[in-house]
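One file, work32.pdb, carrying PDB, C-alpha atoms, pLDDT in the B column:
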```
ATOM      1  CA  MET A   1      -4.223  14.117  21.212  1.00 60.00           C
ATOM      2  CA  ASN A   2      -0.562  15.005  21.508  1.00 69.00           C
ATOM      3  CA  ALA A   3       1.429  14.043  18.415  1.00 73.00           C
ATOM      4  CA  VAL A   4       4.060  12.211  20.486  1.00 79.00           C
ATOM      5  CA  LEU A   5       1.378  10.060  22.099  1.00 81.00           C
ATOM      6  CA  PHE A   6      -0.429   9.588  18.810  1.00 85.00           C
ATOM      7  CA  PHE A   7       2.615   8.397  16.850  1.00 90.00           C
ATOM      8  CA  PRO A   8       2.811   4.851  18.367  1.00 89.00           C
ATOM      9  CA  VAL A   9      -0.910   4.450  17.735  1.00 88.00           C
ATOM     10  CA  ALA A  10      -0.448   5.672  14.169  1.00 89.00           C
ATOM     11  CA  VAL A  11       2.405   3.220  13.568  1.00 92.00           C
ATOM     12  CA  ALA A  12       0.264   0.350  14.875  1.00 90.00           C
ATOM     13  CA  ILE A  13      -2.529   1.320  12.479  1.00 89.00           C
ATOM     14  CA  ALA A  14      -0.124   1.813   9.573  1.00 92.00           C
ATOM     15  CA  LEU A  15       1.445  -1.631  10.121  1.00 92.00           C
ATOM     16  CA  THR A  16      -1.912  -3.360   9.580  1.00 88.00           C
ATOM     17  CA  PRO A  17      -1.563  -5.762   6.629  1.00 87.00           C
ATOM     18  CA  GLY A  18      -3.176  -4.584   3.416  1.00 88.00           C
ATOM     19  CA  PRO A  19      -2.550  -3.960  -0.296  1.00 89.00           C
ATOM     20  CA  ASN A  20      -0.235  -0.973   0.214  1.00 92.00           C
ATOM     21  CA  ASN A  21       1.919  -2.737   2.785  1.00 93.00           C
ATOM     22  CA  PHE A  22       2.077  -5.844   0.616  1.00 91.00           C
ATOM     23  CA  CYS A  23       3.128  -3.561  -2.231  1.00 92.00           C
ATOM     24  CA  ALA A  24       5.949  -2.259  -0.010  1.00 94.00           C
ATOM     25  CA  LEU A  25       6.953  -5.853   0.776  1.00 92.00           C
ATOM     26  CA  ASN A  26       6.910  -6.689  -2.929  1.00 90.00           C
ATOM     27  CA  ASN A  27       8.936  -3.598  -3.818  1.00 91.00           C
ATOM     28  CA  GLY A  28      11.410  -4.471  -1.076  1.00 91.00           C
ATOM     29  CA  ILE A  29      11.865  -7.923  -2.594  1.00 89.00           C
ATOM     30  CA  ARG A  30      12.254  -6.718  -6.155  1.00 86.00           C
ATOM     31  CA  GLN A  31      13.830  -3.256  -5.874  1.00 88.00           C
ATOM     32  CA  GLY A  32      15.116  -2.777  -2.333  1.00 90.00           C
ATOM     33  CA  VAL A  33      14.207  -0.580   0.616  1.00 93.00           C
ATOM     34  CA  GLY A  34      14.987   2.728  -1.092  1.00 94.00           C
ATOM     35  CA  ALA A  35      12.614   2.055  -3.981  1.00 93.00           C
ATOM     36  CA  ALA A  36       9.884   0.960  -1.584  1.00 94.00           C
ATOM     37  CA  LEU A  37      10.210   4.197   0.385  1.00 96.00           C
ATOM     38  CA  ILE A  38      10.045   6.233  -2.810  1.00 96.00           C
ATOM     39  CA  GLY A  39       6.900   4.375  -3.810  1.00 95.00           C
ATOM     40  CA  THR A  40       5.337   5.305  -0.472  1.00 96.00           C
ATOM     41  CA  LEU A  41       5.251   8.924  -1.632  1.00 97.00           C
ATOM     42  CA  GLY A  42       2.297   7.863  -3.767  1.00 96.00           C
ATOM     43  CA  ARG A  43       0.562   6.233  -0.818  1.00 96.00           C
ATOM     44  CA  VAL A  44       0.893   9.228   1.468  1.00 96.00           C
ATOM     45  CA  SER A  45      -0.256  11.513  -1.350  1.00 96.00           C
ATOM     46  CA  ALA A  46      -3.454   9.474  -1.629  1.00 94.00           C
ATOM     47  CA  PHE A  47      -3.928   9.443   2.124  1.00 93.00           C
ATOM     48  CA  ALA A  48      -3.296  13.197   2.252  1.00 93.00           C
ATOM     49  CA  VAL A  49      -6.274  13.609  -0.064  1.00 91.00           C
ATOM     50  CA  PHE A  50      -8.468  11.641   2.343  1.00 88.00           C
ATOM     51  CA  LEU A  51      -7.104  13.601   5.295  1.00 87.00           C
ATOM     52  CA  THR A  52      -7.953  16.875   3.590  1.00 86.00           C
ATOM     53  CA  VAL A  53     -11.442  15.649   2.749  1.00 83.00           C
ATOM     54  CA  SER A  54     -11.942  14.597   6.364  1.00 80.00           C
ATOM     55  CA  ALA A  55     -10.548  17.866   7.707  1.00 77.00           C
ATOM     56  CA  VAL A  56     -12.990  19.991   5.723  1.00 76.00           C
ATOM     57  CA  GLY A  57     -15.903  17.874   6.899  1.00 69.00           C
ATOM     58  CA  LEU A  58     -16.632  15.959   3.699  1.00 59.00           C
ATOM     59  CA  GLY A  59     -15.336  12.620   4.955  1.00 57.00           C
ATOM     60  CA  ALA A  60     -18.575  11.672   6.690  1.00 59.00           C
ATOM     61  CA  MET A  61     -20.545  12.593   3.555  1.00 58.00           C
ATOM     62  CA  LEU A  62     -18.297  10.395   1.407  1.00 56.00           C
ATOM     63  CA  LEU A  63     -18.623   7.539   3.884  1.00 58.00           C
ATOM     64  CA  ALA A  64     -22.416   7.902   3.944  1.00 60.00           C
ATOM     65  CA  SER A  65     -22.708   7.936   0.148  1.00 66.00           C
ATOM     66  CA  GLU A  66     -23.365   4.373  -0.940  1.00 71.00           C
ATOM     67  CA  THR A  67     -22.740   5.245  -4.594  1.00 74.00           C
ATOM     68  CA  ALA A  68     -19.361   6.890  -3.958  1.00 70.00           C
ATOM     69  CA  PHE A  69     -18.266   4.116  -1.606  1.00 71.00           C
ATOM     70  CA  LEU A  70     -19.211   1.381  -4.085  1.00 78.00           C
ATOM     71  CA  ALA A  71     -17.480   3.241  -6.924  1.00 80.00           C
ATOM     72  CA  VAL A  72     -14.229   3.377  -4.950  1.00 76.00           C
ATOM     73  CA  LYS A  73     -14.693  -0.250  -3.891  1.00 79.00           C
ATOM     74  CA  TRP A  74     -15.128  -1.554  -7.445  1.00 84.00           C
ATOM     75  CA  ALA A  75     -12.310   0.601  -8.793  1.00 84.00           C
ATOM     76  CA  GLY A  76     -10.008  -0.692  -6.067  1.00 78.00           C
ATOM     77  CA  ALA A  77     -10.972  -4.307  -6.696  1.00 85.00           C
ATOM     78  CA  ALA A  78     -10.464  -3.916 -10.448  1.00 88.00           C
ATOM     79  CA  TYR A  79      -6.993  -2.423  -9.972  1.00 83.00           C
ATOM     80  CA  LEU A  80      -6.010  -5.141  -7.480  1.00 84.00           C
ATOM     81  CA  PHE A  81      -7.162  -7.827  -9.911  1.00 88.00           C
ATOM     82  CA  TYR A  82      -5.216  -6.169 -12.737  1.00 85.00           C
ATOM     83  CA  LEU A  83      -2.033  -6.126 -10.659  1.00 83.00           C
ATOM     84  CA  GLY A  84      -2.606  -9.732  -9.631  1.00 84.00           C
ATOM     85  CA  TRP A  85      -3.246 -10.997 -13.153  1.00 87.00           C
ATOM     86  CA  ARG A  86      -0.177  -9.205 -14.474  1.00 82.00           C
ATOM     87  CA  ALA A  87       2.021 -10.625 -11.720  1.00 79.00           C
ATOM     88  CA  TRP A  88       0.574 -14.133 -12.107  1.00 82.00           C
ATOM     89  CA  ARG A  89       1.450 -14.228 -15.816  1.00 79.00           C
ATOM     90  CA  SER A  90       4.896 -12.689 -15.403  1.00 74.00           C
ATOM     91  CA  ARG A  91       8.111 -14.732 -15.495  1.00 66.00           C
ATOM     92  CA  GLU A  92      10.372 -11.725 -14.872  1.00 66.00           C
ATOM     93  CA  PHE A  93      12.080 -10.498 -11.739  1.00 60.00           C
ATOM     94  CA  SER A  94      14.257  -7.402 -12.017  1.00 56.00           C
ATOM     95  CA  GLY A  95      15.556  -7.823  -8.471  1.00 50.00           C
ATOM     96  CA  LEU A  96      17.339 -11.070  -9.321  1.00 49.00           C
ATOM     97  CA  SER A  97      20.124  -9.236 -11.122  1.00 47.00           C
ATOM     98  CA  GLN A  98      20.782  -7.232  -7.942  1.00 45.00           C
ATOM     99  CA  LEU A  99      21.505 -10.276  -5.808  1.00 45.00           C
ATOM    100  CA  ASP A 100      24.982 -11.187  -4.694  1.00 43.00           C
ATOM    101  CA  SER A 101      24.367 -14.812  -5.662  1.00 45.00           C
ATOM    102  CA  PRO A 102      24.516 -16.025  -9.284  1.00 47.00           C
ATOM    103  CA  ALA A 103      21.588 -14.992 -11.433  1.00 43.00           C
ATOM    104  CA  GLY A 104      20.748 -18.560 -12.423  1.00 44.00           C
ATOM    105  CA  THR A 105      18.387 -19.019 -15.297  1.00 45.00           C
ATOM    106  CA  ALA A 106      15.814 -16.427 -14.300  1.00 47.00           C
ATOM    107  CA  THR A 107      14.747 -13.802 -16.777  1.00 47.00           C
ATOM    108  CA  PRO A 108      15.834 -10.358 -15.586  1.00 48.00           C
ATOM    109  CA  SER A 109      13.757  -7.325 -16.432  1.00 51.00           C
ATOM    110  CA  ALA A 110      14.419  -3.627 -16.367  1.00 53.00           C
ATOM    111  CA  PRO A 111      13.512  -2.138 -12.980  1.00 55.00           C
ATOM    112  CA  PRO A 112      10.376   0.009 -13.099  1.00 63.00           C
ATOM    113  CA  LYS A 113      10.811   3.752 -13.042  1.00 78.00           C
ATOM    114  CA  ARG A 114      10.347   5.498  -9.732  1.00 84.00           C
ATOM    115  CA  ARG A 115       7.331   7.307 -11.117  1.00 89.00           C
ATOM    116  CA  ALA A 116       5.667   3.931 -11.777  1.00 91.00           C
ATOM    117  CA  LEU A 117       6.267   2.833  -8.175  1.00 93.00           C
ATOM    118  CA  VAL A 118       4.772   6.065  -6.851  1.00 95.00           C
ATOM    119  CA  LEU A 119       1.777   5.810  -9.182  1.00 94.00           C
ATOM    120  CA  GLN A 120       1.111   2.206  -8.195  1.00 93.00           C
ATOM    121  CA  GLU A 121       1.068   3.029  -4.479  1.00 95.00           C
ATOM    122  CA  PHE A 122      -1.092   6.098  -5.130  1.00 96.00           C
ATOM    123  CA  LEU A 123      -3.688   4.116  -7.065  1.00 94.00           C
ATOM    124  CA  LEU A 124      -3.747   1.404  -4.400  1.00 93.00           C
ATOM    125  CA  GLY A 125      -4.300   4.033  -1.729  1.00 92.00           C
ATOM    126  CA  ILE A 126      -6.846   6.245  -3.474  1.00 91.00           C
ATOM    127  CA  THR A 127      -9.027   3.269  -4.509  1.00 88.00           C
ATOM    128  CA  ASN A 128      -8.985   1.623  -1.085  1.00 85.00           C
ATOM    129  CA  PRO A 129     -12.388   2.053   0.618  1.00 79.00           C
ATOM    130  CA  LYS A 130     -10.840   0.993   3.919  1.00 77.00           C
ATOM    131  CA  ALA A 131      -8.804   4.203   3.767  1.00 81.00           C
ATOM    132  CA  ILE A 132     -12.066   6.148   3.530  1.00 78.00           C
ATOM    133  CA  ILE A 133     -13.248   4.445   6.705  1.00 78.00           C
ATOM    134  CA  LEU A 134      -9.929   5.127   8.426  1.00 79.00           C
ATOM    135  CA  PHE A 135      -9.825   8.843   7.682  1.00 80.00           C
ATOM    136  CA  ALA A 136     -13.552   9.586   7.744  1.00 75.00           C
ATOM    137  CA  ALA A 137     -14.619   7.515  10.762  1.00 73.00           C
ATOM    138  CA  ILE A 138     -11.617   6.395  12.821  1.00 75.00           C
ATOM    139  CA  PHE A 139      -9.103   9.208  12.512  1.00 77.00           C
ATOM    140  CA  PRO A 140     -11.524  11.958  13.707  1.00 76.00           C
ATOM    141  CA  GLN A 141     -11.895  10.072  16.991  1.00 78.00           C
ATOM    142  CA  PHE A 142      -8.408  11.276  17.898  1.00 81.00           C
ATOM    143  CA  ILE A 143      -9.489  14.904  17.443  1.00 79.00           C
ATOM    144  CA  ASP A 144     -10.405  16.699  20.664  1.00 80.00           C
ATOM    145  CA  PRO A 145     -13.821  18.333  20.036  1.00 77.00           C
ATOM    146  CA  ALA A 146     -13.083  20.948  22.730  1.00 80.00           C
ATOM    147  CA  LEU A 147     -10.235  22.360  20.635  1.00 81.00           C
ATOM    148  CA  PRO A 148     -10.139  23.806  17.105  1.00 83.00           C
ATOM    149  CA  ALA A 149     -10.068  20.925  14.632  1.00 80.00           C
ATOM    150  CA  ALA A 150      -7.871  22.453  11.919  1.00 81.00           C
ATOM    151  CA  PRO A 151      -4.668  22.778  14.023  1.00 85.00           C
ATOM    152  CA  GLN A 152      -5.123  19.219  15.260  1.00 84.00           C
ATOM    153  CA  PHE A 153      -5.489  17.860  11.719  1.00 85.00           C
ATOM    154  CA  ALA A 154      -2.416  19.905  10.754  1.00 87.00           C
ATOM    155  CA  VAL A 155      -0.363  18.088  13.404  1.00 88.00           C
ATOM    156  CA  LEU A 156      -1.874  14.603  13.576  1.00 88.00           C
ATOM    157  CA  GLY A 157      -2.263  14.265   9.803  1.00 89.00           C
ATOM    158  CA  PRO A 158       1.444  14.556   8.950  1.00 92.00           C
ATOM    159  CA  THR A 159       2.221  12.444  12.024  1.00 92.00           C
ATOM    160  CA  TYR A 160       0.142   9.619  10.603  1.00 92.00           C
ATOM    161  CA  LEU A 161       1.695  10.002   7.148  1.00 94.00           C
ATOM    162  CA  CYS A 162       5.147   9.661   8.729  1.00 95.00           C
ATOM    163  CA  ALA A 163       3.939   6.451  10.374  1.00 94.00           C
ATOM    164  CA  GLU A 164       3.212   5.073   6.904  1.00 95.00           C
ATOM    165  CA  PHE A 165       6.902   5.436   6.043  1.00 97.00           C
ATOM    166  CA  VAL A 166       7.761   3.475   9.196  1.00 97.00           C
ATOM    167  CA  ALA A 167       5.386   0.725   8.061  1.00 96.00           C
ATOM    168  CA  THR A 168       6.940   0.711   4.592  1.00 96.00           C
ATOM    169  CA  LEU A 169      10.417   0.430   6.098  1.00 97.00           C
ATOM    170  CA  ALA A 170       9.365  -2.580   8.170  1.00 96.00           C
ATOM    171  CA  TYR A 171       7.727  -4.402   5.266  1.00 95.00           C
ATOM    172  CA  ALA A 172      10.474  -3.521   2.787  1.00 95.00           C
ATOM    173  CA  LEU A 173      13.170  -4.800   5.154  1.00 95.00           C
ATOM    174  CA  GLY A 174      11.223  -8.037   5.414  1.00 93.00           C
ATOM    175  CA  GLY A 175      11.064  -8.195   1.647  1.00 89.00           C
ATOM    176  CA  LEU A 176      14.793  -7.594   1.400  1.00 88.00           C
ATOM    177  CA  GLN A 177      15.386 -10.688   3.517  1.00 87.00           C
ATOM    178  CA  LEU A 178      12.994 -12.764   1.413  1.00 85.00           C
ATOM    179  CA  ARG A 179      14.822 -11.683  -1.735  1.00 83.00           C
ATOM    180  CA  ARG A 180      17.808 -13.777  -0.698  1.00 80.00           C
ATOM    181  CA  LEU A 181      15.680 -16.876  -1.330  1.00 78.00           C
ATOM    182  CA  ILE A 182      14.860 -15.964  -4.942  1.00 75.00           C
ATOM    183  CA  THR A 183      17.773 -17.270  -6.995  1.00 69.00           C
ATOM    184  CA  THR A 184      16.239 -19.438  -9.730  1.00 70.00           C
ATOM    185  CA  GLN A 185      13.579 -19.240 -12.431  1.00 72.00           C
ATOM    186  CA  ARG A 186      11.359 -21.556 -10.397  1.00 76.00           C
ATOM    187  CA  GLY A 187      11.655 -19.239  -7.420  1.00 74.00           C
ATOM    188  CA  VAL A 188      10.747 -16.269  -9.619  1.00 74.00           C
ATOM    189  CA  VAL A 189       7.634 -18.021 -10.948  1.00 77.00           C
ATOM    190  CA  ARG A 190       6.546 -18.966  -7.436  1.00 80.00           C
ATOM    191  CA  LEU A 191       7.069 -15.414  -6.210  1.00 79.00           C
ATOM    192  CA  ASN A 192       5.103 -13.941  -9.095  1.00 79.00           C
ATOM    193  CA  LYS A 193       2.226 -16.384  -8.628  1.00 85.00           C
ATOM    194  CA  ALA A 194       2.172 -15.742  -4.878  1.00 85.00           C
ATOM    195  CA  THR A 195       2.127 -12.000  -5.545  1.00 81.00           C
ATOM    196  CA  GLY A 196      -0.610 -12.374  -8.132  1.00 83.00           C
ATOM    197  CA  GLY A 197      -2.618 -14.649  -5.874  1.00 86.00           C
ATOM    198  CA  PHE A 198      -2.453 -12.157  -3.022  1.00 83.00           C
ATOM    199  CA  PHE A 199      -3.597  -9.208  -5.111  1.00 83.00           C
ATOM    200  CA  MET A 200      -6.425 -11.147  -6.763  1.00 87.00           C
ATOM    201  CA  GLY A 201      -7.444 -12.593  -3.410  1.00 87.00           C
ATOM    202  CA  ALA A 202      -7.448  -9.095  -1.926  1.00 80.00           C
ATOM    203  CA  ALA A 203      -9.708  -7.990  -4.779  1.00 82.00           C
ATOM    204  CA  GLY A 204     -12.162 -10.763  -3.968  1.00 86.00           C
ATOM    205  CA  LEU A 205     -12.131  -9.975  -0.247  1.00 82.00           C
ATOM    206  CA  LEU A 206     -12.669  -6.303  -0.991  1.00 76.00           C
ATOM    207  CA  LEU A 207     -15.744  -7.041  -3.076  1.00 81.00           C
ATOM    208  CA  ALA A 208     -17.084  -9.428  -0.442  1.00 81.00           C
ATOM    209  CA  SER A 209     -16.601  -7.030   2.451  1.00 73.00           C
ATOM    210  CA  ASN A 210     -19.158  -4.636   3.845  1.00 68.00           C
ATOM    211  CA  LYS A 211     -18.521  -1.179   5.325  1.00 57.00           C
TER     212      LYS A 211
END
```
Turn the structure described in the file into structure tokens.
Amino acid sequence: MNAVLFFPVAVAIALTPGPNNFCALNNGIRQGVGAALIGTLGRVSAFAVFLTVSAVGLGAMLLASETAFLAVKWAGAAYLFYLGWRAWRSREFSGLSQLDSPAGTATPSAPPKRRALVLQEFLLGITNPKAIILFAAIFPQFIDPALPAAPQFAVLGPTYLCAEFVATLAYALGGLQLRRLITTQRGVVRLNKATGGFFMGAAGLLLASNK
């Protein structure tokens, strides 16, 4: 498929709600659009690994391996639950000090380093079994079997990774708008519990889902 024609399809796929996009929304709320885009470097690095595995023909083997799939599934669920529990217990919100409105009584915290944002997105991506399905089963359907596969992966792969940045931009901009509503300690607690609830809920759904 031509990269120009594939890009809108890739953006539609990338915009699908999930842990990484919620992470971008959360980063947009707390750190702004720029930080969210930097964090996406970790996501696309993880997805580049899956793309490479799929390109060399190992994606189908990984998808067919029940042991490997379950290992990724449990690792992903454990990391999601960890993020959720940490957010649920937190009373801090570093983004509050960046608002134009008064800081209120909320407890500000030091913004996380960029490396931490990248690592978080990478771990969310590399432990997401749905990403295995995407790159091992769905993505190859856009490859024309009548043409050499490697050049097509070399074009469509980076095209899809660029679409992930578009998705991050959309979610982070949404988060930036939501940040205007977080001006008090009560708002911070509600945000943190909502964030924690989403991540822990996503962990439960991941464990309950089948291939």
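Taking only C-alpha atoms into account, those protein, DNA and RNA residues with any atom at most 9 Å away from (7.0, -18.0, -11.3) amount to Ala87, Trp88, Arg89, Ser90, Arg91, Glu92, Gln185, Arg186, Gly187, Val188, Val189, Arg190, Leu191, Asn192, Lys193 and Ala194 of chain A.
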Separation of atom CA of A:Ala10 from atom CA of A:Ala68 in Å: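 Between atom CA of A:Ala68 and atom CA of A:Ala10 the gap works out to 26.2 Å.
The two atoms in question, atom CA of A:Arg115 and atom CA of A:Ile38, are spaced 8.8 Å apart.
The interatomic distance for the pair atom CA of A:Leu134 and atom CA of A:Arg114 works out to 27.2 Å.
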Write out as a list of chain:residue names which residues come within 9 Å of A:Gly34 when counting all atoms listed in the file, dropping same-chain ones fewer than 5 positions away.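 Selected residues are A:Gly28, A:Gly39, A:Leu169, A:Ala172.
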Would you mind listing what lies within 12 Å of A:Gln177 as a VMD selection string, with all atoms listed in the file counted and same-chain residues fewer than 3 positions away left out? chain A and resid 25 to 26 28 to 30 32 to 33 99 170 to 174 180 to 182
Which neighbours of stretch 49-56 of chain A fall inside 9 Å, counting all atoms listed in the file, when residues of the same chain fewer than 4 positions from it are skipped, and could you give them as a tab-separated table (two decimals) with C-alpha atoms, keeping the file's coordinate frame?
```tsv
chain	number	residue	atom	x	y	z
A	44	VAL	CA	0.89	9.23	1.47
A	45	SER	CA	-0.26	11.51	-1.35
A	60	ALA	CA	-18.58	11.67	6.69
A	62	LEU	CA	-18.30	10.40	1.41
A	126	ILE	CA	-6.85	6.24	-3.47
A	131	ALA	CA	-8.80	4.20	3.77
A	132	ILE	CA	-12.07	6.15	3.53
A	135	PHE	CA	-9.82	8.84	7.68
A	136	ALA	CA	-13.55	9.59	7.74
A	137	ALA	CA	-14.62	7.52	10.76
A	139	PHE	CA	-9.10	9.21	12.51
A	140	PRO	CA	-11.52	11.96	13.71
A	149	ALA	CA	-10.07	20.92	14.63
A	150	ALA	CA	-7.87	22.45	11.92
A	153	PHE	CA	-5.49	17.86	11.72
A	154	ALA	CA	-2.42	19.90	10.75
A	157	GLY	CA	-2.26	14.26	9.80
```
Which residue is closest to A:Leu161? Choose from A:Cys23, A:Leu15, A:Ala48, A:Ile133 and count all atoms listed in the file.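 Nearest candidate to A:Leu161 out of A:Cys23, A:Leu15, A:Ala48, A:Ile133: A:Ala48.
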Kindly resolve the PyMOL selection byres ((chain A and resi 73) around 10) on the present coordinates and return the residues as a ChimeraX atom specification. /A:67-72,74-78,127-130,203,206-207,209-210
Size and centre in Å, one decimal, axis-aligned box, all listed stretch 130-136 of chain A atoms plus 4 Å per side, as AutoDock Vina command-line options:
```
--center_x -11.2 --center_y 5.3 --center_z 6.0 --size_x 12.7 --size_y 16.6 --size_z 12.9
```
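Across A:Pro151, A:Gly125, A:Pro145, A:Pro158, the tightest approach to A:Phe22 is made by A:Gly125 when counting all atoms listed in the file.
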